[in-house]
Amino acid sequence: MLITPETPKFMTHKSLFSSRLAAFTIFVLILSSCIKFPNPGPGPEPGTTIPSDFNWKTVLDVNINVQVSSVSGIGDNYIRVIRIYSSPMLKDGSLIASGAAKPGSPLAVKLTLPTALSTLYVQEILPTGKRTVQKVEVSSSLLNITINNSTSNSQPAQVIATKASFTSPSISIPANYDVTLGATGSTTILGFSAGQSSAYGNTYKSYYIPAGVTRTGSTNMSNYLSHAILYVKGNLNLSSSTISLNKTSIVILDGGSVTVKGLGTGVFDATIPIVYLQQNASLTSSGTVEFNDGITIVNKGTMSVNGDIKMNFASTFYNEGNITVTKNSTGLQITNNSTLYNNGNINTKVFNMTSNASMVNDVSGKVSAINYYQTNGTVLDNFNEIVATTKLKAEGGGILNNYCNIAANATEFQSAVINLYDGSLWETQTSLMNNASITMNGGSMFLTGTISEVYKMYLLSSSSTYSVFKCTGNVPDMRWASSEVNGKIEFVHTNLVVGSSGTNGSLLYEALFNNNGSILSKVQTKNILASSCNDAAGQIEDPAPTIIDNDGDGVAAEFDADDNDANVAFVSYFPTETTWGTFAFEDLWPWKGDYDMNDLVLGFRVKLYSNSENKVTSMDFDYNIRAAGSNLILSAAFQLDKVSASNISSVSGQPLIGSAPFVVNSNGTENGVNLAVIPLFNKVRDIVTEEYLSFLNTLPDSYISTPDKSVKVIFANPVSLSDLNMGSINFFVVTNNSGETTRGKEIHLPTFLHTTKADVSLFAGKQLHPNDKYKFDDGMMWGIMIPEPFNYPFEYEAVNVAYLHFDEWAVSGGIDFNDWYKNISGYRNNTKIFTY
């Protein structure tokens, strides 16, 4: 069913009460409570429903067990530090959780993760400081992770190769499409003519092939009007046709597929990608796919091409999925100032980069080719893995920057520039060096078998630490090779014959050395610490761990959050160390409101401080009242659903003014509740003391900066990390009319239970969900938690009008558009959203 923006699935109707009694009731309520009386509020449009079991969560709870292995030279009694990140960059800002593990004693934790987060990065830090990172897909609610280090050859902190991951362009997905195509019939994709526009507000005329439809009818994309976009959720099968995209983009949606004989480009004057594949989308071509003239391609799905892929004339290709090119001719070609960004998998028989083209192979990118060619002013930045199973050849001034791992059966450098960075490895079975400049930064390594030819090979280093160039085969006579080894480079020739001028004799090479620290050796003496990139190819020694541990908790000082307090070794966070989440509430429970979700907007961050046994000894709840679009008296607290009030030693930092509705014990918990209820404030104005009118930060051109606050909770007995995830932190709001101070009217998020102080009589006689008293009987909620800062709607603007995929997320039970709240093109109507 297609829904226009004017009639969203969750419709916000104007209140139409025909009875005088209803009108009188409204009048009395307005006068007595001074609240903003709502429109009846969004609800499912007739014909659509919210699944009865939908929990309205933008997060999920995941149980994680991290097992570590024994390591030679390191006793099993030593603690291994485990850190869990949301980003491959492993920066503190993306840290989610940390803890201790030993062989046989895993780190077991239940984490609350955004449903939109698909990957975690789990890092083990050995007592020696060496680190191993394992990428883990969030594929279920139970993740059993084993970090296998049979030896201590793991990644040291000082040689991690990193780069900021690229961000591929996004493309808008319409809430409604201008034209829906069926399986048959001839169609020409045309944009809007002059004076035409979309009835749904789409920038470009949109065509749509729905899921379940396999279209085989003629589809002509020789558009001569304004730009148009074809969205494919079903299947487009044009296997006998070569398509030329003229003023037309193809967007293959999740689950969709397109099959063609070939694909090319004509006139293209839009600033959006010409081809865009979402995850689980596929494009199959039996012939050549060619992109020209500065266009952009994004692949997050699967591209399978039985011809060639050619990128030409300053085009840009972002690959975050899988590309397979099976033709053994040109293969995958990037040329004429084009750029390839790869963070996925590329498998091609030939990889060919020429004429000032460039590639960034990012931290998760893998390129596998039979033959890899790079020439004519091209630039490679490799941050993960490139494999050439037959030959890798660089010539004509090509520049190759290796930050991680390149492997080839044969390597040939002809007038090429190679830069090897800390922790990187270039490994090849044979090599040929002709006018090759190789700069080796300290900690890098080049490992080759036989060097078949050498002329003008320049091995250079200006680093203060050593790198290693190691040859395990034969090396030709270098006395007249016009070559140089300069700087702290150890040239290891394992077949070196000392004192000889015969084959592999040392007299053939000695004149090149003793330049600024360069060394010729038969046996390697300079240790190259193992990294996730170099396969421990250069590590020859592993010193016993030296641990400074001031508080005696077994965690080394450099990894201990507080090495002077044995109660604090690690810190875990929600959402992450540097980001905040958001609680957003409507205030009229058990009746519906206007669903602008700004009656109370509270930013928050949770910090859990744990000891070396992974038990939480204290926690911080940082918060900031971002907005309060309500004239009710709003109070707020959170209940720790798995912690008793008697297990709280103290609560500090709460500016609790007055004694109603919350009354606290001497330890800071609410009086009269067995579980630990931690009040935050009795009134918004107790926290936001700057004067404002009725509504705080919800009206246009009206903004007040609000203060950050923090509550610290210290536990009498340490608590399991798993008992303090967000599924057990039960935040709620208490509402009162002006002049009232009752405690019983609580508003919780769906799935959470009320406290024992709630007035359960309020559950009776209302249109509440039979299985969850904090959902309306049609499934709508009063509160939601977002795992990042939330740009809430303006006053009286319903959330589904401001956020264009909110409807689809709710009706799908949280499956579709689980990132609906993000600032992504096509996701928001910014005219309806409060910004500051």
# chains A, B, ... in the order shown; residues from 1 in each chain; ligands from 1
call {"tool": "residues_around", "arguments": {"residues": "Gly397 (chain A)", "least_positions_apart": "6", "cutoff": "7 Å", "atoms": "only C-alpha atoms", "output": "PyMOL selection string"}}
result
chain A and resi 375-377+415-417
call {"tool": "residues_around", "arguments": {"residues": "Val66 (chain A)", "least_positions_apart": "2", "cutoff": "7 Å", "atoms": "only C-alpha atoms", "output": "MDAnalysis selection string"}}
result
chainID A and resid 64 68 106:108 144:146
call {"tool": "write_last_selection", "arguments": {"atoms": "N, CA, C and O atoms", "output": "CSV table (one decimal), in the first residue's frame"}}
result
chain,number,residue,atom,x,y,z
A,64,ILE,N,27.9,-12.1,25.2
A,64,ILE,CA,29.2,-12.3,24.6
A,64,ILE,C,30.1,-13.0,25.5
A,64,ILE,O,30.2,-12.6,26.7
A,68,VAL,N,40.1,-16.9,25.6
A,68,VAL,CA,41.5,-16.6,25.2
A,68,VAL,C,42.3,-17.9,25.3
A,68,VAL,O,41.9,-18.8,26.1
A,106,PRO,N,36.8,-17.1,30.7
A,106,PRO,CA,36.4,-16.1,29.6
A,106,PRO,C,35.8,-14.9,30.2
A,106,PRO,O,35.3,-14.8,31.4
A,107,LEU,N,35.8,-13.8,29.4
A,107,LEU,CA,35.0,-12.6,29.7
A,107,LEU,C,33.6,-12.9,29.3
A,107,LEU,O,33.4,-13.2,28.1
A,108,ALA,N,32.7,-12.9,30.2
A,108,ALA,CA,31.2,-13.1,29.8
A,108,ALA,C,30.5,-11.9,30.2
A,108,ALA,O,30.5,-11.4,31.3
A,144,ASN,N,29.9,-16.4,20.8
A,144,ASN,CA,31.0,-17.1,21.5
A,144,ASN,C,32.2,-16.9,20.6
A,144,ASN,O,32.3,-17.3,19.4
A,145,ILE,N,33.2,-16.2,21.2
A,145,ILE,CA,34.4,-15.7,20.5
A,145,ILE,C,35.6,-16.3,21.1
A,145,ILE,O,35.8,-16.3,22.3
A,146,THR,N,36.4,-16.9,20.3
A,146,THR,CA,37.7,-17.5,20.7
A,146,THR,C,38.8,-16.8,20.0
A,146,THR,O,38.9,-16.8,18.8
call {"tool": "closest_atom_pairs", "arguments": {"of": "region 428-487 of chain A", "to": "region 537-542 of chain A", "cutoff": "12 Å", "atoms": "only C-alpha atoms", "output": "CSV"}}
result
residue,atom,partner,partner_atom,distance
A:Gly443,CA,A:Gly538,CA,8.9
A:Ser444,CA,A:Gly538,CA,8.8
A:Met445,CA,A:Gly538,CA,7.1
A:Phe446,CA,A:Gly538,CA,9.4
A:Leu447,CA,A:Ala537,CA,8.2
A:Thr448,CA,A:Ala537,CA,11.4
A:Tyr466,CA,A:Gly538,CA,11.2
A:Ser467,CA,A:Gly538,CA,9.2
A:Val468,CA,A:Gly538,CA,7.5
A:Phe469,CA,A:Gly538,CA,9.6
A:Lys470,CA,A:Gly538,CA,9.0
call {"tool": "closest_residue", "arguments": {"among": "A:Lys607, A:Val677, A:Leu143, A:Gln279", "to": "Glu577 (chain A)", "atoms": "only C-alpha atoms"}}
result
A:Lys607
call {"tool": "atom_distance", "arguments": {"atom1": "CA of Ala357 (chain A)", "atom2": "CA of Thr339 (chain A)"}}
result
5.8 Å
call {"tool": "closest_residue", "arguments": {"among": "A:Phe662, A:Phe166, A:Tyr455, A:Phe54", "to": "His769 (chain A)", "atoms": "only C-alpha atoms"}}
result
A:Phe54
call {"tool": "select_by_dssp", "arguments": {"residues": "region 62-186 of chain A", "states": "strand (DSSP E or B)", "output": "NGL selection string"}}
result
:A and (62-68 or 71 or 74 or 80-85 or 95-102 or 105 or 107-114 or 119-125 or 130-137 or 142-147 or 155-156 or 179-180)
call {"tool": "residues_around", "arguments": {"residues": "region 784-793 of chain A", "least_positions_apart": "5", "cutoff": "8 Å", "atoms": "only C-alpha atoms", "output": "PyMOL selection string"}}
result
chain A and resi 56-59+114+574-575+579-585+596-598+601+603+698+749-750+798-799+802+821+832-835
call {"tool": "write_last_selection", "arguments": {"atoms": "C-alpha atoms", "output": "compact mmCIF listing (two decimals), in the first residue's frame"}}
result
# COMPACT_ATOMS: atom_id res chain seq x y z
CA TRP A 56 9.97 -0.45 20.15
CA LYS A 57 13.63 -1.05 20.83
CA THR A 58 16.39 0.44 18.74
CA VAL A 59 18.80 -1.84 20.61
CA PRO A 114 22.18 -0.72 18.50
CA PHE A 574 26.56 2.74 26.80
CA PRO A 575 26.43 3.76 24.03
CA THR A 579 28.66 9.20 22.58
CA TRP A 580 25.37 9.69 24.39
CA GLY A 581 22.02 8.00 24.00
CA THR A 582 18.59 9.59 24.26
CA PHE A 583 15.34 8.88 26.12
CA ALA A 584 12.34 10.58 24.49
CA PHE A 585 8.90 10.57 26.11
CA ASP A 596 6.27 14.85 18.90
CA MET A 597 8.38 12.81 21.38
CA ASN A 598 9.72 15.95 23.00
CA VAL A 601 14.12 14.45 25.97
CA GLY A 603 20.49 12.68 26.80
CA THR A 698 10.93 22.64 21.40
CA LEU A 749 9.51 2.21 27.98
CA PRO A 750 7.71 -0.79 26.48
CA ALA A 798 4.65 14.01 15.02
CA VAL A 799 7.76 11.89 14.92
CA ALA A 802 9.74 14.34 10.89
CA TYR A 821 16.66 8.01 13.41
CA LYS A 832 10.01 19.45 11.25
CA ILE A 833 13.07 18.88 13.45
CA PHE A 834 14.44 21.04 16.24
CA THR A 835 18.12 21.86 15.80
call {"tool": "closest_residue", "arguments": {"among": "A:Lys135, A:Asn665, A:Ser198, A:Thr112", "to": "Val606 (chain A)", "atoms": "only C-alpha atoms"}}
result
A:Thr112
call {"tool": "residues_around", "arguments": {"residues": "Ser694 (chain A)", "least_positions_apart": "5", "cutoff": "9 Å", "atoms": "only C-alpha atoms", "output": "list of chain:residue names"}}
result
A:Ala628, A:Gly629, A:Ser630, A:Asn631
call {"tool": "residues_around", "arguments": {"residues": "Val289 (chain A)", "least_positions_apart": "2", "cutoff": "10 Å", "atoms": "only C-alpha atoms", "output": "list in words"}}
result
Thr242, Ile243, Ser244, Val260, Lys261, Gly262, Leu263, Gly264, Thr265, Thr284, Ser285, Ser286, Gly287, Phe291, Val305, Asn306, Gly307, Asp308, Ile309, Lys310, Met311 and Leu332 of chain A
call {"tool": "residues_around", "arguments": {"residues": "Thr669 (chain A)", "least_positions_apart": "4", "cutoff": "12 Å", "atoms": "only C-alpha atoms", "output": "number ranges by chain"}}
result
A: 637-640, 643-652, 654, 656, 662-665, 673-680, 711-715
call {"tool": "residues_around", "arguments": {"residues": "Asn246 (chain A)", "least_positions_apart": "2", "cutoff": "6 Å", "atoms": "only C-alpha atoms", "output": "JSON, numbers by chain"}}
result
{"A": [222, 223, 248, 266, 267]}
call {"tool": "write_last_selection", "arguments": {"atoms": "all heavy atoms", "output": "CSV table (one decimal), in the first residue's frame"}}
result
chain,number,residue,atom,x,y,z
A,222,SER,N,17.1,5.1,-21.9
A,222,SER,CA,17.6,6.2,-22.7
A,222,SER,C,16.8,7.5,-22.4
A,222,SER,O,16.2,8.1,-23.3
A,222,SER,CB,17.6,5.9,-24.2
A,222,SER,OG,18.4,4.7,-24.4
A,223,ASN,N,16.9,7.9,-21.1
A,223,ASN,CA,16.1,9.0,-20.7
A,223,ASN,C,16.7,10.3,-21.3
A,223,ASN,O,17.9,10.5,-21.3
A,223,ASN,CB,16.2,9.1,-19.1
A,223,ASN,CG,15.5,10.3,-18.5
A,223,ASN,OD1,14.6,10.8,-19.1
A,223,ASN,ND2,15.9,10.6,-17.3
A,248,THR,N,19.9,8.3,-15.9
A,248,THR,CA,19.2,7.3,-15.1
A,248,THR,C,20.1,6.6,-14.1
A,248,THR,O,21.2,6.3,-14.5
A,248,THR,CB,18.5,6.3,-16.0
A,248,THR,OG1,17.7,6.9,-17.0
A,248,THR,CG2,17.7,5.3,-15.2
A,266,GLY,N,25.7,6.8,-20.4
A,266,GLY,CA,25.6,7.9,-21.4
A,266,GLY,C,25.7,9.2,-20.8
A,266,GLY,O,26.6,9.4,-19.9
A,267,VAL,N,24.8,10.1,-21.0
A,267,VAL,CA,24.8,11.4,-20.4
A,267,VAL,C,24.3,11.3,-18.9
A,267,VAL,O,23.4,10.6,-18.6
A,267,VAL,CB,23.8,12.4,-21.1
A,267,VAL,CG1,23.7,13.7,-20.4
A,267,VAL,CG2,24.3,12.6,-22.5
call {"tool": "closest_residue", "arguments": {"among": "A:Leu608, A:Ile451, A:Val571, A:Val213", "to": "Cys471 (chain A)", "atoms": "only C-alpha atoms"}}
result
A:Ile451
call {"tool": "select_by_dssp", "arguments": {"residues": "region 398-522 of chain A", "states": "helix (DSSP H, G or I)", "output": "ChimeraX atom specification"}}
result
/A:506-508,510-512
